[in-house]
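Structure file data32.txt (compact mmCIF, C-alpha atoms and all ligand atoms) follows.
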```
# COMPACT_ATOMS: atom_id res chain seq x y z
CA MET A 1 -19.00 -8.79 -11.74
CA ILE A 2 -20.16 -5.39 -10.61
CA VAL A 3 -16.90 -3.65 -9.70
CA VAL A 4 -16.88 -0.72 -7.27
CA LEU A 5 -13.83 1.55 -6.98
CA SER A 6 -13.93 2.31 -3.31
CA GLY A 7 -12.61 4.55 -0.57
CA GLY A 8 -13.75 4.18 3.04
CA VAL A 9 -16.99 5.18 4.73
CA GLY A 10 -19.05 6.49 1.77
CA ALA A 11 -18.11 3.58 -0.45
CA ALA A 12 -18.78 1.03 2.29
CA ARG A 13 -22.28 2.39 2.81
CA PHE A 14 -22.94 2.43 -0.93
CA ILE A 15 -21.78 -1.19 -1.29
CA GLU A 16 -24.05 -2.22 1.59
CA GLY A 17 -27.02 -0.99 -0.41
CA LEU A 18 -25.73 -2.65 -3.57
CA ALA A 19 -25.29 -5.99 -1.77
CA ALA A 20 -28.95 -5.77 -0.73
CA VAL A 21 -30.23 -5.34 -4.30
CA VAL A 22 -27.97 -7.83 -6.16
CA ALA A 23 -26.29 -11.03 -4.97
CA PRO A 24 -23.22 -9.98 -2.95
CA GLU A 25 -21.16 -12.64 -4.74
CA ARG A 26 -21.61 -10.56 -7.91
CA ILE A 27 -19.90 -7.53 -6.34
CA ALA A 28 -16.18 -6.80 -6.08
CA ALA A 29 -14.79 -3.81 -4.19
CA VAL A 30 -11.43 -2.44 -5.35
CA VAL A 31 -10.22 -0.53 -2.32
CA ASN A 32 -7.89 2.44 -1.92
CA THR A 33 -4.72 1.68 0.04
CA GLY A 34 -3.29 5.21 -0.11
CA ASP A 35 -4.33 5.73 3.54
CA ASP A 36 -2.36 2.68 4.70
CA MET A 37 0.40 3.29 7.21
CA VAL A 38 2.59 1.60 9.78
CA LEU A 39 1.96 2.69 13.36
CA HIS A 40 3.30 0.92 16.50
CA GLY A 41 4.96 -1.45 14.02
CA LEU A 42 1.52 -2.53 12.76
CA TYR A 43 0.28 -2.37 9.17
CA ILE A 44 -2.98 -0.42 9.21
CA SER A 45 -5.27 -0.32 6.17
CA PRO A 46 -8.19 1.97 7.09
CA ASP A 47 -10.25 1.71 3.91
CA LEU A 48 -9.91 -2.09 3.61
CA ASP A 49 -11.02 -2.44 7.23
CA ILE A 50 -13.87 0.08 6.89
CA VAL A 51 -15.27 -1.71 3.83
CA THR A 52 -14.82 -5.20 5.29
CA CYS A 53 -16.18 -4.36 8.75
CA THR A 54 -19.14 -2.39 7.35
CA LEU A 55 -20.15 -5.30 5.11
CA ALA A 56 -19.63 -7.70 8.06
CA ASP A 57 -21.90 -5.39 10.11
CA VAL A 58 -19.34 -5.06 12.90
CA ILE A 59 -18.47 -1.42 12.17
CA ASP A 60 -18.96 1.37 14.72
CA ARG A 61 -21.94 3.01 13.01
CA ASN A 62 -21.49 6.36 14.76
CA GLN A 63 -17.90 6.87 13.65
CA GLY A 64 -18.06 4.94 10.38
CA TRP A 65 -14.73 3.32 11.31
CA GLY A 66 -13.50 1.04 14.09
CA ILE A 67 -15.33 -1.91 15.59
CA ALA A 68 -18.72 -1.54 17.30
CA GLY A 69 -18.45 -1.78 21.10
CA ASP A 70 -14.66 -1.71 21.03
CA THR A 71 -12.63 -0.85 24.13
CA ASP A 72 -9.40 1.14 24.51
CA ALA A 73 -7.34 -0.72 27.12
CA CYS A 74 -4.35 -1.08 24.80
CA MET A 75 -4.53 2.59 23.76
CA GLN A 76 -4.47 3.68 27.42
CA TRP A 77 -1.35 1.65 28.04
CA LEU A 78 0.27 2.96 24.87
CA ALA A 79 -0.39 6.47 26.21
CA ARG A 80 1.30 5.51 29.52
CA LEU A 81 4.33 4.38 27.58
CA GLY A 82 4.46 7.67 25.71
CA ALA A 83 3.55 6.12 22.34
CA PRO A 84 1.58 8.24 19.85
CA THR A 85 -2.18 8.10 20.48
CA TRP A 86 -3.58 10.42 17.82
CA PHE A 87 -4.81 7.48 15.75
CA LYS A 88 -7.35 5.60 17.85
CA LEU A 89 -6.99 1.85 17.61
CA GLY A 90 -9.51 -0.11 19.66
CA ASP A 91 -8.62 -3.42 21.27
CA ARG A 92 -10.61 -5.51 18.76
CA ASP A 93 -9.51 -3.36 15.85
CA LEU A 94 -5.89 -3.99 16.91
CA ALA A 95 -6.45 -7.71 16.35
CA LEU A 96 -6.99 -6.98 12.64
CA HIS A 97 -3.73 -5.01 12.46
CA ILE A 98 -1.76 -7.62 14.41
CA TYR A 99 -3.11 -10.42 12.20
CA ARG A 100 -2.43 -8.48 8.97
CA THR A 101 1.09 -7.51 10.05
CA ALA A 102 1.99 -11.06 11.05
CA ARG A 103 0.67 -12.49 7.78
CA LEU A 104 2.54 -9.88 5.71
CA GLN A 105 5.74 -10.62 7.65
CA ALA A 106 5.21 -14.31 6.95
CA GLY A 107 5.21 -13.52 3.23
CA ALA A 108 1.49 -13.21 2.40
CA THR A 109 0.40 -10.41 0.08
CA LEU A 110 -2.03 -7.65 1.10
CA SER A 111 -4.56 -9.17 -1.36
CA GLN A 112 -4.29 -12.55 0.36
CA VAL A 113 -4.67 -11.07 3.83
CA ALA A 114 -7.64 -8.92 2.76
CA ASP A 115 -9.33 -12.07 1.47
CA GLU A 116 -8.56 -14.02 4.65
CA ILE A 117 -10.07 -11.29 6.84
CA ARG A 118 -13.09 -10.99 4.52
CA GLN A 119 -13.74 -14.75 4.78
CA ALA A 120 -13.19 -14.84 8.53
CA LEU A 121 -15.77 -12.08 8.99
CA GLY A 122 -18.25 -13.77 6.65
CA VAL A 123 -18.35 -11.13 3.91
CA ALA A 124 -19.59 -12.40 0.52
CA VAL A 125 -18.56 -9.32 -1.50
CA SER A 126 -15.05 -9.75 -2.99
CA ILE A 127 -12.60 -7.25 -1.53
CA ILE A 128 -9.30 -6.50 -3.20
CA PRO A 129 -6.77 -3.79 -2.41
CA MET A 130 -5.84 -1.63 -5.41
CA SER A 131 -2.24 -2.80 -5.08
CA ASP A 132 -0.08 -5.10 -2.99
CA ASP A 133 2.70 -2.50 -3.21
CA PRO A 134 2.94 0.41 -0.76
CA ALA A 135 1.32 3.50 -2.32
CA PRO A 136 0.90 6.10 0.44
CA THR A 137 -0.93 9.34 -0.24
CA HIS A 138 0.87 12.43 1.01
CA VAL A 139 -0.65 15.87 1.41
CA LEU A 140 1.61 18.85 0.65
CA THR A 141 0.88 21.57 3.20
CA ASP A 142 2.24 24.75 4.75
CA GLN A 143 3.45 22.47 7.55
CA GLY A 144 5.34 20.21 5.18
CA GLU A 145 4.55 16.93 3.49
CA LEU A 146 2.21 14.83 5.64
CA HIS A 147 0.84 11.32 5.31
CA PHE A 148 -2.90 11.59 4.56
CA GLU A 149 -3.85 10.32 8.04
CA GLU A 150 -1.41 12.78 9.66
CA TYR A 151 -3.15 15.59 7.78
CA PHE A 152 -6.68 14.28 8.30
CA VAL A 153 -6.66 12.83 11.82
CA ARG A 154 -3.57 14.16 13.65
CA GLU A 155 -3.71 17.72 12.26
CA ARG A 156 -7.54 17.72 11.78
CA CYS A 157 -7.26 19.20 8.27
CA GLN A 158 -5.90 22.47 9.73
CA PRO A 159 -2.77 22.84 7.53
CA VAL A 160 -3.23 24.77 4.28
CA VAL A 161 -3.01 22.29 1.39
CA HIS A 162 -1.23 23.11 -1.84
CA GLY A 163 -1.04 19.71 -3.42
CA VAL A 164 -1.24 15.96 -3.12
CA ARG A 165 1.41 13.36 -3.87
CA LEU A 166 -0.03 10.01 -4.89
CA HIS A 167 2.63 7.35 -4.69
CA ALA A 168 0.19 5.15 -6.62
CA ALA A 169 1.29 7.20 -9.65
CA GLY A 170 4.82 5.85 -9.19
CA PRO A 171 6.06 2.33 -9.81
CA VAL A 172 3.05 0.71 -8.17
CA ARG A 173 1.61 -2.41 -9.75
CA PRO A 174 -2.12 -3.12 -9.72
CA ALA A 175 -3.08 -6.02 -7.43
CA PRO A 176 -2.86 -9.29 -9.41
CA ALA A 177 -6.66 -9.72 -9.56
CA LEU A 178 -7.38 -6.11 -10.51
CA LEU A 179 -6.92 -5.87 -14.30
CA PRO A 180 -8.62 -9.23 -15.03
CA LEU A 181 -11.49 -8.06 -12.83
CA LEU A 182 -11.86 -4.73 -14.66
CA MET A 183 -11.62 -6.52 -18.03
CA SER A 184 -14.43 -8.94 -17.17
CA ALA A 185 -16.67 -6.45 -15.31
CA GLU A 186 -20.29 -5.91 -16.39
CA VAL A 187 -20.35 -2.47 -14.79
CA ILE A 188 -17.68 -0.35 -13.12
CA ILE A 189 -18.97 2.02 -10.44
CA ILE A 190 -16.94 4.83 -8.90
CA ALA A 191 -18.29 5.00 -5.34
CA PRO A 192 -19.22 8.29 -3.64
CA SER A 193 -15.71 8.65 -2.23
CA ASN A 194 -13.21 11.50 -2.19
CA PRO A 195 -12.09 11.94 -5.84
CA VAL A 196 -8.60 13.13 -4.82
CA VAL A 197 -7.45 10.89 -1.97
CA SER A 198 -9.78 7.87 -2.16
CA VAL A 199 -10.53 7.24 -5.84
CA GLY A 200 -7.52 9.29 -7.01
CA PRO A 201 -4.93 6.72 -5.87
CA ILE A 202 -6.78 3.85 -7.61
CA LEU A 203 -6.99 5.82 -10.86
CA ALA A 204 -3.36 6.92 -10.52
CA ILE A 205 -2.18 3.37 -11.20
CA PRO A 206 -1.43 3.79 -14.92
CA GLU A 207 -2.88 0.43 -16.04
CA VAL A 208 -6.12 1.13 -14.19
CA ARG A 209 -6.66 4.49 -15.88
CA THR A 210 -5.80 3.04 -19.30
CA THR A 211 -8.23 0.15 -18.79
CA LEU A 212 -11.03 2.50 -17.76
CA THR A 213 -10.50 4.90 -20.66
CA THR A 214 -10.49 2.09 -23.25
CA THR A 215 -13.12 -0.35 -21.91
CA ASN A 216 -16.55 -0.81 -23.49
CA THR A 217 -17.99 -1.62 -20.06
CA PRO A 218 -20.23 1.14 -18.68
CA VAL A 219 -18.41 3.24 -16.09
CA VAL A 220 -20.62 5.29 -13.78
CA ALA A 221 -19.80 7.47 -10.78
CA VAL A 222 -21.82 8.59 -7.80
CA SER A 223 -20.98 12.16 -6.75
CA PRO A 224 -19.66 12.44 -3.19
CA ILE A 225 -20.22 16.21 -3.38
CA VAL A 226 -23.75 17.36 -2.63
CA GLY A 227 -24.66 21.04 -2.71
CA GLY A 228 -20.98 21.99 -2.91
CA ALA A 229 -20.08 20.13 0.31
CA ALA A 230 -18.62 16.74 1.03
CA ILE A 231 -20.90 14.24 2.78
CA LYS A 232 -17.89 13.35 4.95
CA GLY A 233 -14.23 14.27 5.07
CA PRO A 234 -11.94 16.83 3.47
CA ALA A 235 -12.94 16.56 -0.20
CA VAL A 236 -13.56 20.29 -0.63
CA PRO A 237 -10.12 21.63 0.45
CA LEU A 238 -8.33 18.76 -1.30
CA MET A 239 -10.23 19.23 -4.57
CA LYS A 240 -9.51 22.97 -4.49
CA ALA A 241 -5.83 22.32 -3.75
CA VAL A 242 -5.42 20.26 -6.90
CA GLY A 243 -7.40 22.67 -9.06
CA LEU A 244 -10.73 20.87 -9.15
CA THR A 245 -14.09 22.54 -8.57
CA PRO A 246 -15.76 21.10 -5.45
CA THR A 247 -19.20 20.60 -6.98
CA ALA A 248 -20.97 17.66 -8.62
CA LEU A 249 -20.02 19.26 -11.95
CA GLY A 250 -16.39 19.36 -10.81
CA VAL A 251 -16.59 15.67 -9.92
CA ALA A 252 -18.00 14.89 -13.38
CA GLU A 253 -15.18 16.92 -14.98
CA THR A 254 -12.58 15.11 -12.86
CA TYR A 255 -13.79 11.77 -14.23
CA ALA A 256 -14.80 13.09 -17.69
CA ASP A 257 -12.43 10.89 -19.71
CA LEU A 258 -13.44 7.76 -17.75
CA ILE A 259 -17.17 7.83 -17.06
CA ASP A 260 -20.26 7.36 -19.22
CA GLY A 261 -22.63 8.50 -16.51
CA ILE A 262 -22.93 10.06 -13.08
CA VAL A 263 -25.52 10.07 -10.32
CA ILE A 264 -25.91 13.46 -8.67
CA ASP A 265 -28.13 14.67 -5.85
CA THR A 266 -31.52 16.36 -6.33
CA ILE A 267 -30.04 19.49 -4.71
CA ASP A 268 -27.64 19.71 -7.65
CA ALA A 269 -30.28 19.19 -10.36
CA GLU A 270 -29.41 22.55 -11.94
CA LEU A 271 -25.92 21.21 -12.77
CA ALA A 272 -27.30 18.32 -14.85
CA PRO A 273 -27.46 20.19 -18.21
CA ALA A 274 -23.82 21.30 -17.92
CA ILE A 275 -22.73 17.73 -17.14
CA GLN A 276 -24.84 16.28 -19.95
CA SER A 277 -23.37 18.80 -22.41
CA ARG A 278 -20.01 17.12 -21.73
CA GLY A 279 -21.47 13.85 -23.02
CA ILE A 280 -21.99 12.32 -19.57
CA ALA A 281 -25.41 10.78 -18.87
CA THR A 282 -26.75 12.25 -15.65
CA LEU A 283 -29.23 10.77 -13.22
CA VAL A 284 -30.64 13.09 -10.57
CA THR A 285 -31.89 11.46 -7.38
CA ASP A 286 -31.58 11.58 -3.59
CA THR A 287 -28.04 10.42 -2.77
CA ILE A 288 -27.85 10.96 1.00
CA MET A 289 -27.73 7.46 2.50
CA ARG A 290 -29.49 7.78 5.87
CA GLY A 291 -30.59 4.17 6.23
CA MET A 292 -30.89 0.95 4.27
CA PRO A 293 -33.87 2.07 2.11
CA GLU A 294 -31.86 5.08 0.83
CA LYS A 295 -28.73 2.95 0.27
CA MET A 296 -30.74 0.42 -1.75
CA ALA A 297 -32.50 3.14 -3.77
CA LEU A 298 -29.15 4.75 -4.63
CA ALA A 299 -27.71 1.36 -5.67
CA ARG A 300 -30.76 0.69 -7.89
CA ALA A 301 -30.53 4.14 -9.48
CA THR A 302 -26.83 3.65 -10.21
CA LEU A 303 -27.40 0.24 -11.81
CA GLU A 304 -30.30 1.67 -13.81
CA LEU A 305 -28.08 4.46 -15.15
CA ALA A 306 -25.42 1.90 -16.11
CA SER A 307 -27.95 -0.28 -17.94
CA LEU A 308 -29.24 2.73 -19.88
CA ILE A 309 -25.71 3.34 -21.09
CA ALA A 310 -24.84 -0.30 -21.88
N1 LIG A 401 -10.45 8.46 11.88
C1 LIG A 401 -10.37 9.45 12.76
O1 LIG A 401 -10.87 10.54 12.49
N2 LIG A 401 -9.68 9.30 13.96
C2 LIG A 401 -9.10 8.13 14.31
O2 LIG A 401 -8.50 8.03 15.37
C3 LIG A 401 -9.22 7.02 13.38
C4 LIG A 401 -8.72 5.77 13.68
C5 LIG A 401 -8.94 4.70 12.78
C6 LIG A 401 -8.50 3.42 13.08
C7 LIG A 401 -8.72 2.38 12.21
C8 LIG A 401 -9.38 2.60 11.00
O3 LIG A 401 -9.61 1.59 10.16
C9 LIG A 401 -9.82 3.88 10.69
C10 LIG A 401 -9.61 4.94 11.57
N3 LIG A 401 -10.06 6.22 11.27
C11 LIG A 401 -9.91 7.24 12.17
C12 LIG A 401 -10.74 6.50 10.00
C13 LIG A 401 -9.78 6.92 8.92
O4 LIG A 401 -8.82 7.79 9.36
C14 LIG A 401 -10.47 7.67 7.79
O5 LIG A 401 -11.77 7.99 8.12
C15 LIG A 401 -10.48 6.90 6.56
O6 LIG A 401 -9.19 6.74 6.06
C16 LIG A 401 -11.33 7.61 5.50
O7 LIG A 401 -11.63 6.74 4.50
CA CA A 402 -9.89 6.97 3.22
```

Would you mind writing the file out in structure tokens?
Amino acid sequence: MIVVLSGGVGAARFIEGLAAVVAPERIAAVVNTGDDMVLHGLYISPDLDIVTCTLADVIDRNQGWGIAGDTDACMQWLARLGAPTWFKLGDRDLALHIYRTARLQAGATLSQVADEIRQALGVAVSIIPMSDDPAPTHVLTDQGELHFEEYFVRERCQPVVHGVRLHAAGPVRPAPALLPLLMSAEVIIIAPSNPVVSVGPILAIPEVRTTLTTTNTPVVAVSPIVGGAAIKGPAVPLMKAVGLTPTALGVAETYADLIDGIVIDTIDAELAPAIQSRGIATLVTDTIMRGMPEKMALARATLELASLIA
């Protein structure tokens, strides 16, 4: 299997390209659950839903999250009742959260529910959460400790960040399928996702990090930082807050003990020698995924880098 460690939007788009250049049945996405939260009594798993709905081609392409053509009747009534409305849940999207919550309450695991939703939406790529245990990511700010979505969506990244608390680093077990999957992988790809709050939680699970540092399988990353800026989301302030340099070189350094290679953008070509001097094979190409041709080209380049290393 080609295993992709995955956050939300960037990873989903990358996997779309990958699934167009190799058989989707050969791909498994291991998805961050650090963003998961309970709201209105419902279990919401943003990155699992973003990956599943993107691959099912039902995602709202403008936002990168939520269901295309969704309506907000429920949200309007929640507002009337005085319920919190900072996290927008469309009517169709709510069906996913209702279904997941009911299944979890009936005793199913998050892995089982993720697979049920994947099958129901006709997605051939395997999708597994990093863990079936709760592992919320908290952001430590001048306004106190916030859940990642409270920081990102409710507070719009305004609070000053001084750290991140990954509960995945605590007593969180990898999902049952995860270690066997990593052990049998032909390639492990770290998607172009936020290194701190998207990939960070997956790598914070001790067994995952140990497996990646000791495996003979090629491990390659795609930099989510291009020209010193994040393609989407708050990677720059979060990387700075935990002492990482928000450049493609900083991404390579973050993963230095895990990766054999990294794909960086043409804009960052000048950083390639510094990355290579750290023993990391570096492929320079266009990494901005505007449409399907660019997604497929990036997937091919990443697989090519991995095969050069193998
Ligand atoms: N992102 C927002 O910026 N605002 C929202 O109201 C919002 C709602 C939402 C609902 C379901 C879902 O699956 C994702 C949602 N997101 C929303 C995206 C999410 O907050 C982040 O973009 C991801 O966690 C990043 O990977
Ligand atoms: Ca996310």

What are the nearest atom pairs, with distances in Å to one decimal, for all residues of chain A that come at most 10 Å from ligand LIG 401 (chain A), using all atoms listed in the file, set out by chain and rising residue number as CSV?
```
residue,atom,partner,partner_atom,distance
A:Ser6,CA,A:LIG401,O7,9.3
A:Gly7,CA,A:LIG401,O7,5.6
A:Gly8,CA,A:LIG401,O7,3.6
A:Val9,CA,A:LIG401,O7,5.6
A:Gly10,CA,A:LIG401,O7,7.9
A:Ala11,CA,A:LIG401,O7,8.7
A:Ala12,CA,A:LIG401,O7,9.4
A:Asn32,CA,A:LIG401,O7,8.6
A:Thr33,CA,A:LIG401,O6,9.0
A:Gly34,CA,A:LIG401,O6,8.7
A:Asp35,CA,A:LIG401,O6,5.6
A:Asp36,CA,A:LIG401,O6,8.1
A:Ile44,CA,A:LIG401,O3,7.0
A:Ser45,CA,A:LIG401,O3,6.2
A:Pro46,CA,A:LIG401,O3,3.4
A:Asp47,CA,A:LIG401,O7,5.2
A:Leu48,CA,A:LIG401,O3,7.5
A:Asp49,CA,A:LIG401,O3,5.2
A:Ile50,CA,A:LIG401,O3,5.6
A:Val51,CA,A:LIG401,O3,9.1
A:Thr52,CA,A:LIG401,O3,9.8
A:Cys53,CA,A:LIG401,O3,9.0
A:Ile59,CA,A:LIG401,O3,9.6
A:Gln63,CA,A:LIG401,N1,7.8
A:Gly64,CA,A:LIG401,O5,7.3
A:Trp65,CA,A:LIG401,C9,5.0
A:Gly66,CA,A:LIG401,C7,5.3
A:Ile67,CA,A:LIG401,C7,8.6
A:Thr85,CA,A:LIG401,O2,8.1
A:Trp86,CA,A:LIG401,O2,6.0
A:Phe87,CA,A:LIG401,O2,3.8
A:Lys88,CA,A:LIG401,O2,3.7
A:Leu89,CA,A:LIG401,C6,5.0
A:Gly90,CA,A:LIG401,C6,7.5
A:Asp93,CA,A:LIG401,C7,6.8
A:Leu94,CA,A:LIG401,C7,8.4
A:Leu96,CA,A:LIG401,O3,9.3
A:His97,CA,A:LIG401,C7,8.9
A:Phe148,CA,A:LIG401,O6,8.1
A:Glu149,CA,A:LIG401,O4,5.7
A:Glu150,CA,A:LIG401,O4,8.9
A:Tyr151,CA,A:LIG401,O4,9.8
A:Phe152,CA,A:LIG401,O4,6.9
A:Val153,CA,A:LIG401,O1,4.8
A:Arg154,CA,A:LIG401,N2,7.8
A:Arg156,CA,A:LIG401,O1,7.9
A:Ser193,CA,A:LIG401,O7,8.1
A:Asn194,CA,A:LIG401,O7,8.4
A:Val197,CA,A:LIG401,O7,8.7
A:Ser198,CA,A:LIG401,O7,7.0
A:Lys232,CA,A:LIG401,O5,8.7
A:Gly233,CA,A:LIG401,C16,7.3
A:Pro234,CA,A:LIG401,C16,9.5
```

**Separation of atom CA of Ala23 of chain A from atom CA of Ala114 of chain A in Å** = 20.3 Å

**Message:** Could you list, as a ChimeraX atom specification, every residue within 9 Å of His147 of chain A, counting only C-alpha atoms and ignoring same-chain residues fewer than 6 positions away?
**Reply:** /A:35,37,136-140

**Request:** For atom CA of Ile189 of chain A and atom CA of Ala108 of chain A, quote the distance in Å rounded to one decimal.
**Result:** 28.6 Å

**Item:** Close residues, Pro176 of chain A itself excluded, 12 Å, only C-alpha atoms, min 3 positions apart in chain, as a ChimeraX atom specification
**Value:** /A:30,109-112,128-133,172-173,179-182,207-208

Any idea what's packed within 10 Å of Glu270 of chain A, counting all atoms listed in the file, ignoring anything in its chain fewer than 5 positions away? Could you give it as a short mmCIF file (atom, residue, chain, number, x, y, z; two decimals) with C-alpha atoms, keeping the file's coordinate frame?
```cif
data_model
loop_
_atom_site.label_atom_id
_atom_site.label_comp_id
_atom_site.auth_asym_id
_atom_site.auth_seq_id
_atom_site.Cartn_x
_atom_site.Cartn_y
_atom_site.Cartn_z
CA LEU A 249 -20.02 19.26 -11.95
CA ILE A 275 -22.73 17.73 -17.14
CA VAL A 284 -30.64 13.09 -10.57
#
```

**Prompt:** Can you tell me how far atom CA of Tyr255 of chain A sits from atom CA of Val21 of chain A, in Å to one decimal?
**Reply:** 25.7 Å

**Asked** Taking into account all atoms listed in the file, which residue in the set A:Val220, A:Leu39, A:Leu258, A:Val196 is nearest to Ala83 of chain A?
**Response**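 Closest to Ala83 of chain A, using all atoms listed in the file: A:Leu39.
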
Give one line per residue of segment 146-229 of chain A that approaches segment 303-309 of chain A to at most 12 Å, naming the two atoms of the closest pair and their distance in Å to one decimal, counting all atoms listed in the file; sort by chain then ascending residue number and deliver it as a tab-separated table.
```
residue	atom	partner	partner_atom	distance
A:Glu186	CA	A:Ala306	CA	9.3
A:Val187	CA	A:Ala306	CA	6.8
A:Ile188	CA	A:Ala306	CA	8.6
A:Ile189	CA	A:Ala306	CA	8.6
A:Ile190	CA	A:Ala306	CA	11.5
A:Asn216	CA	A:Ile309	CA	10.3
A:Thr217	CA	A:Ala306	CA	9.1
A:Pro218	CA	A:Ala306	CA	5.8
A:Val219	CA	A:Ala306	CA	7.1
A:Val220	CA	A:Ala306	CA	6.3
A:Ala221	CA	A:Ala306	CA	9.5
A:Val222	CA	A:Leu305	CA	10.5
```

**Asked** Which residue, A:Ala20, A:Ala28, A:Ala191, A:Val125, has the smallest gap to Thr287 of chain A when you use only C-alpha atoms?
**Response** A:Ala191

**Request:** Fewer than 2 positions away in the same chain doesn't count, so skip those; otherwise give me all residues within 12 Å of Arg290 of chain A, counting all atoms listed in the file, as JSON, numbers by chain.
**Result:** {"A": [10, 13, 14, 17, 61, 231, 286, 287, 288, 292, 293, 294, 295, 296, 297, 298]}

**Request:** Pick out the residues sitting within 10 Å of Ala124 of chain A, and hand them over as a list in words; count all atoms listed in the file, and ignore anything fewer than 3 positions along from it in its own chain.
**Result:** Ala19, Ala23, Pro24, Glu25, Arg26, Ile27, Ala28, Thr52, Leu55, Ala56, Arg118, Gln119, Leu121 and Ile127 of chain A

**Prompt:** Could you list as a ChimeraX atom specification every residue that has an atom within 6 Å of (0.8, -3.3, 8.1), using the file's coordinates and counting all atoms listed in the file?
**Reply:** /A:38,42-44,101
